[in-house]
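The file upload07.tsv comes next; it holds TSV, C-alpha atoms.
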chain	number	residue	atom	x	y	z
A	1	MET	CA	9.65	-24.30	-70.09
A	2	ASN	CA	5.88	-24.54	-69.65
A	3	LYS	CA	4.50	-27.72	-68.13
A	4	LEU	CA	2.87	-30.16	-70.53
A	5	ALA	CA	-0.37	-31.75	-69.31
A	6	VAL	CA	-2.74	-34.29	-70.80
A	7	VAL	CA	-6.35	-33.69	-69.72
A	8	ALA	CA	-8.80	-36.57	-70.24
A	9	LEU	CA	-12.33	-35.20	-70.31
A	10	GLY	CA	-14.99	-37.27	-68.57
A	11	GLY	CA	-18.26	-38.39	-70.12
A	12	ASN	CA	-20.22	-35.51	-68.60
A	13	ALA	CA	-18.04	-33.07	-70.54
A	14	LEU	CA	-20.15	-33.95	-73.59
A	15	LEU	CA	-23.38	-35.60	-72.52
A	16	ARG	CA	-25.09	-35.81	-69.14
A	17	ALA	CA	-27.61	-38.19	-67.65
A	18	GLY	CA	-31.14	-37.56	-68.86
A	19	GLN	CA	-30.10	-35.56	-71.92
A	20	LYS	CA	-31.06	-36.55	-75.47
A	21	GLY	CA	-27.71	-35.69	-76.98
A	22	THR	CA	-28.70	-32.76	-79.17
A	23	ILE	CA	-25.90	-30.58	-80.50
A	24	ASP	CA	-27.16	-27.68	-78.37
A	25	GLU	CA	-26.89	-29.81	-75.22
A	26	GLN	CA	-23.44	-31.12	-76.10
A	27	GLU	CA	-22.08	-27.70	-77.04
A	28	GLU	CA	-23.32	-26.23	-73.75
A	29	ASN	CA	-21.67	-29.06	-71.79
A	30	VAL	CA	-18.42	-28.63	-73.70
A	31	LEU	CA	-18.46	-24.89	-73.12
A	32	ASN	CA	-18.83	-25.36	-69.36
A	33	THR	CA	-15.97	-27.86	-69.29
A	34	CYS	CA	-13.74	-25.58	-71.37
A	35	ARG	CA	-14.34	-22.75	-68.89
A	36	ASN	CA	-12.62	-24.96	-66.32
A	37	LEU	CA	-9.74	-25.72	-68.70
A	38	LEU	CA	-9.10	-21.97	-68.84
A	39	GLU	CA	-7.62	-22.17	-65.34
A	40	LEU	CA	-4.78	-24.38	-66.55
A	41	ILE	CA	-4.26	-22.31	-69.69
A	42	LYS	CA	-4.00	-19.10	-67.66
A	43	GLN	CA	-1.39	-20.81	-65.49
A	44	GLY	CA	0.72	-21.30	-68.62
A	45	TYR	CA	0.20	-25.00	-69.24
A	46	ASN	CA	0.66	-26.57	-72.64
A	47	LEU	CA	-2.31	-28.89	-73.16
A	48	VAL	CA	-3.30	-32.05	-74.95
A	49	ILE	CA	-7.02	-32.79	-74.52
A	50	THR	CA	-8.52	-36.26	-74.85
A	51	HIS	CA	-12.18	-37.25	-74.56
A	52	GLY	CA	-14.69	-40.10	-74.54
A	53	ASN	CA	-17.11	-40.91	-77.36
A	54	GLY	CA	-19.33	-43.78	-76.13
A	55	PRO	CA	-22.80	-42.22	-76.49
A	56	GLN	CA	-21.83	-40.48	-79.73
A	57	VAL	CA	-20.57	-43.68	-81.38
A	58	GLY	CA	-23.68	-45.44	-80.10
A	59	ASN	CA	-25.86	-42.90	-81.88
A	60	ILE	CA	-23.78	-43.18	-85.07
A	61	LEU	CA	-24.30	-46.95	-85.03
A	62	LEU	CA	-28.05	-46.48	-84.57
A	63	GLN	CA	-28.08	-44.08	-87.52
A	64	ASN	CA	-26.11	-46.65	-89.52
A	65	SER	CA	-28.61	-49.37	-88.70
A	66	ALA	CA	-31.63	-47.22	-89.50
A	67	GLY	CA	-30.13	-46.01	-92.77
A	68	ALA	CA	-29.29	-49.54	-93.86
A	69	GLU	CA	-32.73	-50.88	-93.00
A	70	LYS	CA	-34.76	-48.07	-94.54
A	71	TYR	CA	-32.64	-46.83	-97.43
A	72	GLY	CA	-30.07	-49.55	-98.06
A	73	VAL	CA	-27.15	-47.29	-97.12
A	74	PRO	CA	-24.07	-49.46	-96.44
A	75	GLU	CA	-23.24	-49.66	-92.74
A	76	MET	CA	-19.80	-48.44	-91.72
A	77	PRO	CA	-17.53	-50.51	-89.43
A	78	LEU	CA	-16.76	-49.47	-85.88
A	79	ASP	CA	-13.32	-47.99	-86.65
A	80	ILE	CA	-14.86	-45.63	-89.23
A	81	CYS	CA	-17.58	-44.64	-86.76
A	82	GLY	CA	-14.86	-43.89	-84.20
A	83	ALA	CA	-13.05	-41.65	-86.69
A	84	TYR	CA	-16.33	-39.87	-87.47
A	85	SER	CA	-16.93	-39.23	-83.76
A	86	GLN	CA	-13.39	-37.94	-83.20
A	87	GLY	CA	-13.91	-35.39	-85.94
A	88	PHE	CA	-17.19	-33.92	-84.80
A	89	ILE	CA	-16.43	-34.03	-81.06
A	90	GLY	CA	-13.03	-32.42	-81.69
A	91	TYR	CA	-14.77	-29.74	-83.73
A	92	MET	CA	-17.15	-28.97	-80.83
A	93	ILE	CA	-14.33	-28.78	-78.26
A	94	GLU	CA	-12.15	-26.72	-80.59
A	95	GLN	CA	-14.88	-24.21	-81.37
A	96	GLN	CA	-16.10	-23.70	-77.80
A	97	LEU	CA	-12.57	-23.41	-76.42
A	98	ARG	CA	-11.56	-20.99	-79.19
A	99	ASN	CA	-14.55	-18.79	-78.36
A	100	LEU	CA	-13.45	-18.66	-74.73
A	101	LEU	CA	-9.82	-17.94	-75.55
A	102	GLU	CA	-10.75	-15.10	-77.86
A	103	SER	CA	-13.00	-13.61	-75.17
A	104	GLN	CA	-9.95	-13.62	-72.87
A	105	ASN	CA	-7.59	-12.25	-75.56
A	106	ILE	CA	-5.55	-15.46	-75.43
A	107	ASN	CA	-3.96	-16.36	-78.74
A	108	ARG	CA	-3.48	-20.15	-78.97
A	109	ASP	CA	-4.04	-22.38	-81.97
A	110	ILE	CA	-6.25	-25.45	-81.38
A	111	LEU	CA	-5.93	-28.54	-83.58
A	112	THR	CA	-7.95	-31.75	-83.68
A	113	LEU	CA	-6.07	-34.89	-84.75
A	114	VAL	CA	-7.97	-38.02	-85.70
A	115	THR	CA	-5.79	-40.54	-83.88
A	116	GLN	CA	-5.08	-44.20	-84.53
A	117	VAL	CA	-3.86	-46.41	-81.66
A	118	LEU	CA	-2.01	-49.65	-82.25
A	119	VAL	CA	-3.33	-52.76	-80.51
A	120	ASN	CA	-2.19	-56.37	-80.59
A	121	LYS	CA	-4.49	-58.73	-82.51
A	122	SER	CA	-3.34	-61.45	-80.07
A	123	ASP	CA	-4.47	-59.46	-77.03
A	124	PRO	CA	-6.46	-61.82	-74.72
A	125	ALA	CA	-9.30	-59.29	-74.75
A	126	PHE	CA	-10.24	-60.49	-78.24
A	127	GLN	CA	-11.02	-63.91	-76.79
A	128	ASN	CA	-13.49	-62.38	-74.32
A	129	PRO	CA	-15.36	-59.40	-75.82
A	130	THR	CA	-17.11	-57.37	-73.13
A	131	LYS	CA	-17.97	-53.91	-74.53
A	132	PRO	CA	-21.58	-53.64	-75.80
A	133	ILE	CA	-22.10	-51.38	-78.81
A	134	GLY	CA	-24.93	-50.41	-81.11
A	135	PRO	CA	-28.66	-51.17	-81.05
A	136	TYR	CA	-30.58	-53.92	-79.26
A	137	TYR	CA	-31.79	-56.87	-81.31
A	138	SER	CA	-34.21	-59.74	-80.84
A	139	LYS	CA	-32.93	-63.31	-80.60
A	140	GLU	CA	-34.38	-63.99	-84.04
A	141	GLN	CA	-32.45	-61.09	-85.56
A	142	VAL	CA	-29.23	-62.23	-83.90
A	143	ASP	CA	-29.67	-65.72	-85.29
A	144	GLU	CA	-29.96	-64.26	-88.79
A	145	PHE	CA	-26.89	-62.06	-88.29
A	146	LEU	CA	-24.84	-65.05	-87.13
A	147	LYS	CA	-25.66	-66.93	-90.31
A	148	ILE	CA	-23.94	-64.14	-92.24
A	149	ASN	CA	-21.05	-63.50	-89.80
A	150	PRO	CA	-20.69	-66.31	-87.25
A	151	GLU	CA	-17.60	-64.73	-85.66
A	152	THR	CA	-19.53	-61.76	-84.30
A	153	VAL	CA	-20.38	-62.01	-80.59
A	154	TYR	CA	-23.73	-60.94	-79.11
A	155	LYS	CA	-24.76	-60.97	-75.45
A	156	GLU	CA	-28.17	-60.70	-73.90
A	157	ASP	CA	-29.06	-57.76	-71.68
A	158	LYS	CA	-31.90	-59.20	-69.61
A	159	ASN	CA	-32.64	-55.84	-68.01
A	160	ARG	CA	-33.32	-54.25	-71.40
A	161	GLY	CA	-34.85	-57.33	-73.02
A	162	GLY	CA	-32.56	-57.56	-76.02
A	163	TRP	CA	-29.22	-58.62	-77.45
A	164	ARG	CA	-26.27	-56.38	-78.34
A	165	LYS	CA	-23.07	-56.87	-80.21
A	166	VAL	CA	-20.02	-56.91	-77.92
A	167	VAL	CA	-16.43	-56.14	-78.89
A	168	ALA	CA	-13.04	-56.44	-77.24
A	169	SER	CA	-11.33	-53.75	-75.19
A	170	PRO	CA	-7.63	-54.39	-75.89
A	171	LYS	CA	-4.67	-52.67	-74.28
A	172	PRO	CA	-3.33	-49.67	-76.22
A	173	ASN	CA	0.31	-50.12	-77.32
A	174	ARG	CA	1.34	-47.12	-79.40
A	175	ILE	CA	-0.17	-43.74	-80.21
A	176	ALA	CA	0.14	-42.68	-83.86
A	177	ASN	CA	1.71	-39.26	-84.55
A	178	ARG	CA	2.86	-38.98	-80.93
A	179	LYS	CA	6.00	-37.03	-81.92
A	180	SER	CA	3.94	-34.45	-83.81
A	181	ILE	CA	1.47	-34.21	-80.92
A	182	GLU	CA	4.32	-33.50	-78.50
A	183	THR	CA	6.06	-30.99	-80.80
A	184	LEU	CA	2.87	-29.05	-81.49
A	185	ALA	CA	1.81	-29.02	-77.83
A	186	ARG	CA	5.23	-27.91	-76.56
A	187	ASN	CA	5.16	-25.09	-79.12
A	188	GLY	CA	1.98	-23.77	-77.52
A	189	GLN	CA	-0.76	-25.23	-79.69
A	190	ILE	CA	-3.62	-26.95	-77.87
A	191	ILE	CA	-4.08	-30.44	-79.30
A	192	ILE	CA	-7.22	-32.58	-79.19
A	193	ALA	CA	-6.25	-36.22	-79.75
A	194	VAL	CA	-6.95	-39.87	-78.88
A	195	GLY	CA	-10.70	-39.25	-78.85
A	196	GLY	CA	-12.63	-42.21	-77.47
A	197	GLY	CA	-9.36	-43.98	-76.70
A	198	GLY	CA	-8.29	-43.70	-80.33
A	199	ILE	CA	-9.17	-45.77	-83.39
A	200	PRO	CA	-7.95	-49.34	-82.76
A	201	VAL	CA	-5.68	-50.57	-85.56
A	202	PHE	CA	-3.41	-53.58	-85.96
A	203	TYR	CA	-0.87	-54.85	-88.45
A	204	LYS	CA	-2.72	-57.11	-90.86
A	205	GLU	CA	0.71	-57.93	-92.27
A	206	PRO	CA	4.09	-56.20	-91.98
A	207	ASN	CA	3.71	-52.47	-92.72
A	208	VAL	CA	-0.02	-52.79	-93.46
A	209	LEU	CA	-2.34	-51.28	-90.83
A	210	GLN	CA	-6.05	-52.05	-90.64
A	211	GLY	CA	-8.87	-51.00	-88.33
A	212	ILE	CA	-10.51	-53.55	-86.06
A	213	ASP	CA	-13.83	-53.78	-84.21
A	214	ALA	CA	-12.77	-52.89	-80.66
A	215	VAL	CA	-13.05	-50.17	-78.04
A	216	ILE	CA	-9.95	-48.87	-76.25
A	217	ASP	CA	-10.43	-47.48	-72.75
A	218	LYS	CA	-10.13	-43.70	-73.03
A	219	ASP	CA	-8.25	-43.23	-69.76
A	220	LEU	CA	-5.70	-45.97	-70.46
A	221	ALA	CA	-5.06	-44.50	-73.91
A	222	SER	CA	-4.74	-41.02	-72.41
A	223	SER	CA	-2.22	-42.33	-69.89
A	224	LEU	CA	-0.21	-43.99	-72.66
A	225	LEU	CA	-0.27	-40.78	-74.69
A	226	ALA	CA	0.96	-38.83	-71.65
A	227	GLN	CA	3.79	-41.33	-71.23
A	228	GLN	CA	4.79	-41.35	-74.88
A	229	ILE	CA	4.95	-37.55	-75.20
A	230	GLY	CA	6.75	-37.08	-71.89
A	231	ALA	CA	3.95	-35.08	-70.26
A	232	ASP	CA	4.58	-33.67	-66.80
A	233	GLU	CA	1.02	-34.08	-65.56
A	234	LEU	CA	-2.07	-36.17	-66.27
A	235	TYR	CA	-5.56	-35.02	-65.30
A	236	ILE	CA	-8.40	-37.54	-65.49
A	237	LEU	CA	-11.71	-35.73	-65.16
A	238	THR	CA	-14.81	-37.43	-63.83
A	239	ASP	CA	-18.11	-36.66	-62.07
A	240	VAL	CA	-16.74	-36.53	-58.51
A	241	PRO	CA	-14.11	-34.25	-56.92
A	242	LYS	CA	-12.13	-37.11	-55.34
A	243	VAL	CA	-11.72	-40.86	-55.56
A	244	CYS	CA	-13.49	-42.59	-52.69
A	245	LEU	CA	-13.26	-45.82	-50.75
A	246	ASN	CA	-16.56	-47.57	-49.96
A	247	TYR	CA	-18.31	-45.27	-52.43
A	248	GLY	CA	-22.01	-44.72	-51.77
A	249	THR	CA	-21.96	-46.25	-48.26
A	250	PRO	CA	-21.95	-44.69	-44.78
A	251	GLU	CA	-18.23	-45.60	-44.63
A	252	GLN	CA	-17.37	-43.56	-47.74
A	253	LYS	CA	-13.94	-41.93	-47.44
A	254	ASN	CA	-12.39	-39.37	-49.78
A	255	LEU	CA	-8.80	-40.01	-50.82
A	256	ASP	CA	-6.40	-37.07	-51.06
A	257	VAL	CA	-3.09	-38.79	-51.85
A	258	VAL	CA	-2.64	-42.43	-52.90
A	259	THR	CA	0.60	-44.24	-53.71
A	260	VAL	CA	0.81	-46.55	-56.71
A	261	ALA	CA	1.11	-49.49	-54.30
A	262	GLU	CA	-1.99	-48.45	-52.37
A	263	ALA	CA	-3.90	-47.90	-55.61
A	264	LYS	CA	-3.00	-51.40	-56.80
A	265	GLN	CA	-4.30	-52.91	-53.58
A	266	TYR	CA	-7.53	-50.93	-53.74
A	267	ILE	CA	-8.09	-52.22	-57.27
A	268	LEU	CA	-7.43	-55.80	-56.13
A	269	ASP	CA	-9.88	-55.26	-53.27
A	270	LYS	CA	-12.57	-54.24	-55.82
A	271	GLN	CA	-12.95	-50.82	-54.26
A	272	PHE	CA	-13.56	-49.23	-57.66
A	273	GLY	CA	-16.09	-50.04	-60.37
A	274	GLU	CA	-14.62	-51.89	-63.35
A	275	GLY	CA	-16.46	-49.72	-65.82
A	276	SER	CA	-15.93	-46.43	-64.03
A	277	MET	CA	-13.24	-45.59	-61.48
A	278	ALA	CA	-10.97	-48.66	-61.72
A	279	PRO	CA	-9.56	-47.85	-65.19
A	280	LYS	CA	-9.02	-44.23	-64.16
A	281	VAL	CA	-6.97	-45.23	-61.12
A	282	GLN	CA	-5.07	-47.80	-63.18
A	283	ALA	CA	-4.34	-45.20	-65.86
A	284	ALA	CA	-3.00	-42.79	-63.24
A	285	ARG	CA	-0.85	-45.56	-61.73
A	286	GLU	CA	0.71	-46.43	-65.07
A	287	PHE	CA	1.56	-42.80	-65.79
A	288	ILE	CA	3.34	-42.33	-62.47
A	289	LYS	CA	5.13	-45.69	-62.71
A	290	ALA	CA	6.46	-44.60	-66.11
A	291	GLY	CA	7.98	-41.45	-64.65
A	292	GLY	CA	5.11	-38.95	-64.71
A	293	LYS	CA	5.28	-36.22	-62.09
A	294	VAL	CA	1.62	-35.64	-61.19
A	295	ALA	CA	-1.57	-37.64	-61.83
A	296	ILE	CA	-4.83	-36.17	-60.56
A	297	ILE	CA	-8.35	-37.62	-60.72
A	298	THR	CA	-11.02	-34.99	-60.10
A	299	ALA	CA	-14.04	-33.09	-61.42
A	300	SER	CA	-13.44	-30.45	-64.08
A	301	SER	CA	-14.72	-27.74	-61.71
A	302	GLU	CA	-11.73	-28.44	-59.44
A	303	LEU	CA	-9.08	-27.74	-62.09
A	304	GLY	CA	-6.47	-25.22	-61.01
A	305	LYS	CA	-7.43	-25.33	-57.33
A	306	LEU	CA	-4.84	-26.02	-54.67
A	307	ASN	CA	-4.88	-29.68	-53.52
A	308	ALA	CA	-7.68	-30.51	-55.95
A	309	GLY	CA	-8.76	-34.08	-56.49
A	310	THR	CA	-7.01	-37.33	-55.65
A	311	ARG	CA	-3.28	-37.38	-56.42
A	312	ILE	CA	-1.60	-40.63	-57.37
A	313	VAL	CA	2.07	-40.56	-56.33
A	314	LEU	CA	5.00	-42.94	-56.33
A	315	ASN	CA	5.69	-42.60	-52.59
A	316	LYS	CA	4.31	-40.40	-49.81
Before we go any further, please render this structure as structure tokens.
Amino acid sequence: MNKLAVVALGGNALLRAGQKGTIDEQEENVLNTCRNLLELIKQGYNLVITHGNGPQVGNILLQNSAGAEKYGVPEMPLDICGAYSQGFIGYMIEQQLRNLLESQNINRDILTLVTQVLVNKSDPAFQNPTKPIGPYYSKEQVDEFLKINPETVYKEDKNRGGWRKVVASPKPNRIANRKSIETLARNGQIIIAVGGGGIPVFYKEPNVLQGIDAVIDKDLASSLLAQQIGADELYILTDVPKVCLNYGTPEQKNLDVVTVAEAKQYILDKQFGEGSMAPKVQAAREFIKAGGKVAIITASSELGKLNAGTRIVLNK
């Protein structure tokens, strides 16, 4: 039986620093990333691909705001914007990967699934929103917004001279359609799912789901998906070939193999950035603790290479 792997694409798979975010730029970035995915496909892996969506959702929110202000177009809530981004990003990945497969005479279906992820409305994260989204506002604008919706939280970004809405980042609890994702992937189809960490939903009442303004960490959701479909391997792709201690200092040290216990201590020691490497290491830990065989954090260019990246293992 072919190995089943979940591959979480990093932010640079879609948009890179200094780029405007045009479709041409994003398609070129996706194409380059998909060339690296070919290595796993040629080795016979069954794949589920996940991806981020931060800059894309940010642009959708800006478009929302501009459309509402200039033309009176109703603004869409964050969960709808997330679904929108999953669709068009999945389309880009699907198209560029299909082009590559056909050039290699590889016949694999590729399907994009707009994915909901269940969260708990009582998650402590909702008491302390931290994820900034959307445009910057003046203090005067924020005051007016709060008169209409006093429950919304805004925080000042003194470096940018404005205020932004912030939302919670709750823990993902259950991936919708996980059985179908596993069945399709094990039958050889390449599945694109859990884009941007998935669309956060909760039970408004028994048997009634509803979207909620929140952002789920993409790597934690990818890890949960890998656990819930019984994947053999989890690849978390980022900008660097290996996880490092003392990153950016003269004492920087690349890590080849890290146990779950060592990874936990490194996180406690604040070795990894909270908004960057820490959730990736935590996601890899959780996958291995749940019985996963291999978790690798690396750059997409390292895929398929012997001893690539940093491997998180149960014991050395």
Would you mind listing, for every residue of stretch 20-101 of chain A within 7 Å of stretch 170-185 of chain A, the two atoms forming the shortest contact and the distance between them in Å to one decimal, using all atoms listed in the file, sorted by chain and ascending residue number, as JSON lines?
{"residue": "A:Asn46", "atom": "CA", "partner": "A:Ala185", "partner_atom": "CA", "distance": 5.9}
{"residue": "A:Leu47", "atom": "CA", "partner": "A:Ala185", "partner_atom": "CA", "distance": 6.2}
{"residue": "A:Val48", "atom": "CA", "partner": "A:Ala185", "partner_atom": "CA", "distance": 6.6}
Tell me, counting all atoms listed in the file, for each residue of stretch 27-104 of chain A within 7 Å of stretch 8-20 of chain A, which pair of atoms is nearest and how far apart they are in Å to one decimal, in rows ordered by chain and increasing number, as CSV.
residue,atom,partner,partner_atom,distance
A:Asn29,CA,A:Leu14,CA,5.4
A:Val30,CA,A:Ala13,CA,5.5
A:Thr33,CA,A:Ala13,CA,5.7
A:Ile49,CA,A:Ala8,CA,6.0
A:Thr50,CA,A:Ala8,CA,4.6
A:His51,CA,A:Leu9,CA,4.7
A:Gly52,CA,A:Gly11,CA,5.9
Q.
Would you pick out the contacts of stretch 130-132 of chain A at 10 Å or less, using only C-alpha atoms, so that residues sharing its chain but fewer than 6 positions from it are not included, and give the list as a ChimeraX atom specification?
A. /A:58,153-157,163-169,214-216,275
Taking 3 positions as the minimum chain separation for residues in the same chain, which residues sit within 10 Å of A:Ala226 when counting all atoms listed in the file? Answer as an mmCIF file with C-alpha atoms, in the coordinates of the input.
data_model
loop_
_atom_site.group_PDB
_atom_site.id
_atom_site.type_symbol
_atom_site.label_atom_id
_atom_site.label_comp_id
_atom_site.auth_asym_id
_atom_site.auth_seq_id
_atom_site.Cartn_x
_atom_site.Cartn_y
_atom_site.Cartn_z
ATOM 1 C CA LEU A 4 2.870 -30.160 -70.530
ATOM 2 C CA ALA A 5 -0.370 -31.750 -69.310
ATOM 3 C CA VAL A 6 -2.740 -34.290 -70.800
ATOM 4 C CA VAL A 7 -6.350 -33.690 -69.720
ATOM 5 C CA VAL A 48 -3.300 -32.050 -74.950
ATOM 6 C CA ILE A 175 -0.170 -43.740 -80.210
ATOM 7 C CA ARG A 178 2.860 -38.980 -80.930
ATOM 8 C CA GLU A 182 4.320 -33.500 -78.500
ATOM 9 C CA LEU A 220 -5.700 -45.970 -70.460
ATOM 10 C CA ALA A 221 -5.060 -44.500 -73.910
ATOM 11 C CA SER A 222 -4.740 -41.020 -72.410
ATOM 12 C CA SER A 223 -2.220 -42.330 -69.890
ATOM 13 C CA ILE A 229 4.950 -37.550 -75.200
ATOM 14 C CA GLY A 230 6.750 -37.080 -71.890
ATOM 15 C CA ALA A 231 3.950 -35.080 -70.260
ATOM 16 C CA ASP A 232 4.580 -33.670 -66.800
ATOM 17 C CA GLU A 233 1.020 -34.080 -65.560
ATOM 18 C CA LEU A 234 -2.070 -36.170 -66.270
ATOM 19 C CA TYR A 235 -5.560 -35.020 -65.300
ATOM 20 C CA PHE A 287 1.560 -42.800 -65.790
ATOM 21 C CA ALA A 290 6.460 -44.600 -66.110
ATOM 22 C CA GLY A 292 5.110 -38.950 -64.710
#
(Q) From the options A:Ser138, A:Gln127, A:Ser85, A:Gln210, which residue's atoms come nearest to A:Val114, counting only C-alpha atoms? (A)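 Using only C-alpha atoms, A:Val114 sits closest to A:Ser85.
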Q.
As an exercise, work out the distance from atom CA of A:Gly197 to atom CA of A:Val117 in Å and give it to one decimal place.
A. 7.8 Å
Compute the distance from (-20.2, -55.4, -93.3) to each atom, counting all atoms listed in the file, keep the residues with any atom at most 12 Å away, and return them as a PDB file with C-alpha atoms, in the coordinates of the input; use the coordinates of the file.
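Output saved as result.pdb:
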ATOM      1  CA  ASN A  64     -26.110 -46.650 -89.520  1.00  0.00           C
ATOM      2  CA  SER A  65     -28.610 -49.370 -88.700  1.00  0.00           C
ATOM      3  CA  ALA A  68     -29.290 -49.540 -93.860  1.00  0.00           C
ATOM      4  CA  VAL A  73     -27.150 -47.290 -97.120  1.00  0.00           C
ATOM      5  CA  PRO A  74     -24.070 -49.460 -96.440  1.00  0.00           C
ATOM      6  CA  GLU A  75     -23.240 -49.660 -92.740  1.00  0.00           C
ATOM      7  CA  MET A  76     -19.800 -48.440 -91.720  1.00  0.00           C
ATOM      8  CA  PRO A  77     -17.530 -50.510 -89.430  1.00  0.00           C
ATOM      9  CA  LEU A  78     -16.760 -49.470 -85.880  1.00  0.00           C
ATOM     10  CA  ILE A  80     -14.860 -45.630 -89.230  1.00  0.00           C
ATOM     11  CA  PHE A 145     -26.890 -62.060 -88.290  1.00  0.00           C
ATOM     12  CA  ILE A 148     -23.940 -64.140 -92.240  1.00  0.00           C
ATOM     13  CA  ASN A 149     -21.050 -63.500 -89.800  1.00  0.00           C
ATOM     14  CA  THR A 152     -19.530 -61.760 -84.300  1.00  0.00           C
ATOM     15  CA  ASP A 213     -13.830 -53.780 -84.210  1.00  0.00           C
TER      16      ASP A 213
END
Q. What residues have an atom no more than 9 Å from (3.8, -49.8, -55.4) in the file's own frame, counting only C-alpha atoms, and can you write them as number ranges by chain?
A. A: 259-265, 285, 289, 314-315
Q: Compare A:Asn307, A:Gln116, A:Gln189, A:Ser276 by their minimum atom-to-atom distance to A:Ile212, counting all atoms listed in the file, and give me the closest one.
A: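 When distances to A:Ile212 are compared using all atoms listed in the file, the smallest one comes from A:Gln116.
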Q. For A:Val57, which of A:Gly304, A:Gly82, A:Pro279, A:Gly72 is the closest residue, counting only C-alpha atoms?
A. A:Gly82
Q. With only C-alpha atoms as the atoms that count, which of A:Glu144, A:Asp79, A:Glu69, A:Glu27 lies nearest to A:Ile199?
A.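 Smallest separation from A:Ile199 among the options: A:Asp79.
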Q | Between atom CA of A:Asp217 and atom CA of A:Gln86 - distance in Å to one decimal | A | 14.5 Å
Write a file for stretch 70-83 of chain A of the given structure; include N, CA and C atoms and format it as a JSON list (two decimals), in the first residue's frame.
[["chain", "number", "residue", "atom", "x", "y", "z"],
["A", 70, "LYS", "N", -17.51, 52.34, -1.20],
["A", 70, "LYS", "CA", -17.71, 53.07, -2.45],
["A", 70, "LYS", "C", -19.03, 52.73, -3.13],
["A", 71, "TYR", "N", -19.44, 51.46, -3.04],
["A", 71, "TYR", "CA", -20.62, 51.04, -3.80],
["A", 71, "TYR", "C", -21.75, 50.49, -2.93],
["A", 72, "GLY", "N", -21.53, 50.41, -1.62],
["A", 72, "GLY", "CA", -22.57, 49.88, -0.75],
["A", 72, "GLY", "C", -22.76, 48.38, -0.85],
["A", 73, "VAL", "N", -21.75, 47.67, -1.34],
["A", 73, "VAL", "CA", -21.84, 46.21, -1.44],
["A", 73, "VAL", "C", -21.72, 45.62, -0.04],
["A", 74, "PRO", "N", -22.64, 44.75, 0.38],
["A", 74, "PRO", "CA", -22.56, 44.20, 1.74],
["A", 74, "PRO", "C", -21.25, 43.46, 1.98],
["A", 75, "GLU", "N", -20.61, 43.72, 3.11],
["A", 75, "GLU", "CA", -19.38, 43.02, 3.46],
["A", 75, "GLU", "C", -19.69, 41.60, 3.90],
["A", 76, "MET", "N", -18.83, 40.68, 3.53],
["A", 76, "MET", "CA", -18.98, 39.28, 3.89],
["A", 76, "MET", "C", -18.19, 38.98, 5.17],
["A", 77, "PRO", "N", -18.69, 38.09, 6.03],
["A", 77, "PRO", "CA", -17.97, 37.74, 7.26],
["A", 77, "PRO", "C", -16.72, 36.92, 6.96],
["A", 78, "LEU", "N", -15.89, 36.79, 7.98],
["A", 78, "LEU", "CA", -14.59, 36.15, 7.81],
["A", 78, "LEU", "C", -14.69, 34.71, 7.33],
["A", 79, "ASP", "N", -15.69, 33.95, 7.83],
["A", 79, "ASP", "CA", -15.79, 32.55, 7.41],
["A", 79, "ASP", "C", -16.08, 32.44, 5.91],
["A", 80, "ILE", "N", -16.89, 33.35, 5.38],
["A", 80, "ILE", "CA", -17.18, 33.34, 3.94],
["A", 80, "ILE", "C", -15.94, 33.73, 3.15],
["A", 81, "CYS", "N", -15.19, 34.70, 3.66],
["A", 81, "CYS", "CA", -13.94, 35.08, 2.99],
["A", 81, "CYS", "C", -12.94, 33.92, 2.98],
["A", 82, "GLY", "N", -12.91, 33.15, 4.07],
["A", 82, "GLY", "CA", -12.05, 31.97, 4.12],
["A", 82, "GLY", "C", -12.45, 30.94, 3.08],
["A", 83, "ALA", "N", -13.76, 30.72, 2.93],
["A", 83, "ALA", "CA", -14.24, 29.76, 1.93],
["A", 83, "ALA", "C", -13.87, 30.23, 0.52]]
